[in-house]
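To start, the structure under review is shown below, and the notes come after it.
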Amino acid sequence: MTVKITFQSDRCKGCELCAAVCPKHLIAIDTRVINRKGYHPAAVTDLQACIACASCAKICPDSIITVERFD
């Protein structure tokens, strides 16, 4: 299984809801980056370990996360 996760980082508010619901704890706030809104956006820390559950995409209040699964 191949997984592709896309974050529209320029729209992320860094609310950390996605990180809180990830069952594998693979999402974290990237403190090295500041987006155009002035926030540290969320990012996947280990894409290979992702199970493509899409919990992060479902909970995101701004719908900035897309999870694609390729079998």
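Following the order of the structure tokens, chains are lettered A, B, ..., residues in each are numbered from 1, and ligands are numbered from 1.
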Expected answer as a ChimeraX atom specification: helix (DSSP H, G or I) residues in chain A:
/A:9-11,17-21,47-49,55-59
Same residues, N, CA and C atoms, saved as a PDB file, in the first residue's frame:
ATOM      1  N   SER A   9      -0.316  23.606   3.463  1.00  0.00           N
ATOM      2  CA  SER A   9       0.376  24.209   4.603  1.00  0.00           C
ATOM      3  C   SER A   9       0.159  25.706   4.734  1.00  0.00           C
ATOM      4  N   ASP A  10      -0.040  26.386   3.624  1.00  0.00           N
ATOM      5  CA  ASP A  10      -0.244  27.830   3.683  1.00  0.00           C
ATOM      6  C   ASP A  10      -1.566  28.200   4.339  1.00  0.00           C
ATOM      7  N   ARG A  11      -2.495  27.245   4.465  1.00  0.00           N
ATOM      8  CA  ARG A  11      -3.789  27.506   5.093  1.00  0.00           C
ATOM      9  C   ARG A  11      -3.900  26.934   6.504  1.00  0.00           C
ATOM     10  N   LEU A  17      -5.305  19.533  15.944  1.00  0.00           N
ATOM     11  CA  LEU A  17      -6.358  18.525  16.025  1.00  0.00           C
ATOM     12  C   LEU A  17      -5.965  17.272  15.263  1.00  0.00           C
ATOM     13  N   CYS A  18      -5.330  17.441  14.114  1.00  0.00           N
ATOM     14  CA  CYS A  18      -4.893  16.290  13.310  1.00  0.00           C
ATOM     15  C   CYS A  18      -3.876  15.449  14.071  1.00  0.00           C
ATOM     16  N   ALA A  19      -2.977  16.097  14.749  1.00  0.00           N
ATOM     17  CA  ALA A  19      -1.958  15.381  15.524  1.00  0.00           C
ATOM     18  C   ALA A  19      -2.596  14.616  16.681  1.00  0.00           C
ATOM     19  N   ALA A  20      -3.628  15.189  17.269  1.00  0.00           N
ATOM     20  CA  ALA A  20      -4.288  14.556  18.413  1.00  0.00           C
ATOM     21  C   ALA A  20      -5.032  13.279  18.035  1.00  0.00           C
ATOM     22  N   VAL A  21      -5.579  13.214  16.804  1.00  0.00           N
ATOM     23  CA  VAL A  21      -6.379  12.045  16.425  1.00  0.00           C
ATOM     24  C   VAL A  21      -5.597  10.979  15.668  1.00  0.00           C
ATOM     25  N   LEU A  47       5.816   9.126   6.808  1.00  0.00           N
ATOM     26  CA  LEU A  47       4.786   8.740   5.836  1.00  0.00           C
ATOM     27  C   LEU A  47       4.717   7.227   5.650  1.00  0.00           C
ATOM     28  N   GLN A  48       5.837   6.533   5.753  1.00  0.00           N
ATOM     29  CA  GLN A  48       5.864   5.083   5.566  1.00  0.00           C
ATOM     30  C   GLN A  48       5.030   4.340   6.611  1.00  0.00           C
ATOM     31  N   ALA A  49       4.868   4.912   7.787  1.00  0.00           N
ATOM     32  CA  ALA A  49       4.112   4.265   8.859  1.00  0.00           C
ATOM     33  C   ALA A  49       2.623   4.600   8.828  1.00  0.00           C
ATOM     34  N   SER A  55      -8.129   9.982   9.513  1.00  0.00           N
ATOM     35  CA  SER A  55      -8.669  10.663  10.700  1.00  0.00           C
ATOM     36  C   SER A  55      -8.251  12.131  10.724  1.00  0.00           C
ATOM     37  N   CYS A  56      -7.033  12.387  10.285  1.00  0.00           N
ATOM     38  CA  CYS A  56      -6.529  13.760  10.259  1.00  0.00           C
ATOM     39  C   CYS A  56      -7.350  14.624   9.309  1.00  0.00           C
ATOM     40  N   ALA A  57      -7.645  14.089   8.142  1.00  0.00           N
ATOM     41  CA  ALA A  57      -8.417  14.843   7.144  1.00  0.00           C
ATOM     42  C   ALA A  57      -9.852  15.083   7.612  1.00  0.00           C
ATOM     43  N   LYS A  58     -10.420  14.100   8.287  1.00  0.00           N
ATOM     44  CA  LYS A  58     -11.806  14.219   8.755  1.00  0.00           C
ATOM     45  C   LYS A  58     -11.966  15.277   9.833  1.00  0.00           C
ATOM     46  N   ILE A  59     -10.971  15.413  10.702  1.00  0.00           N
ATOM     47  CA  ILE A  59     -11.108  16.334  11.825  1.00  0.00           C
ATOM     48  C   ILE A  59     -10.664  17.758  11.497  1.00  0.00           C
TER      49      ILE A  59
END
Can you check which residues of range 15-45 of chain A DSSP gives as strand (DSSP E or B) on the backbone and send them as a list of chain:residue names?
A:Ile27, A:Ala28, A:Ile29, A:Ala42, A:Ala43, A:Val44
A:Lys24, A:Val33, A:Ile65, A:Gln8 ranked by distance to Thr45 in chain A, top pick (using only C-alpha atoms):
A:Lys24
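What separates CA of Met1 in chain A from CA of Thr66 in chain A is a distance of 16.3 Å.
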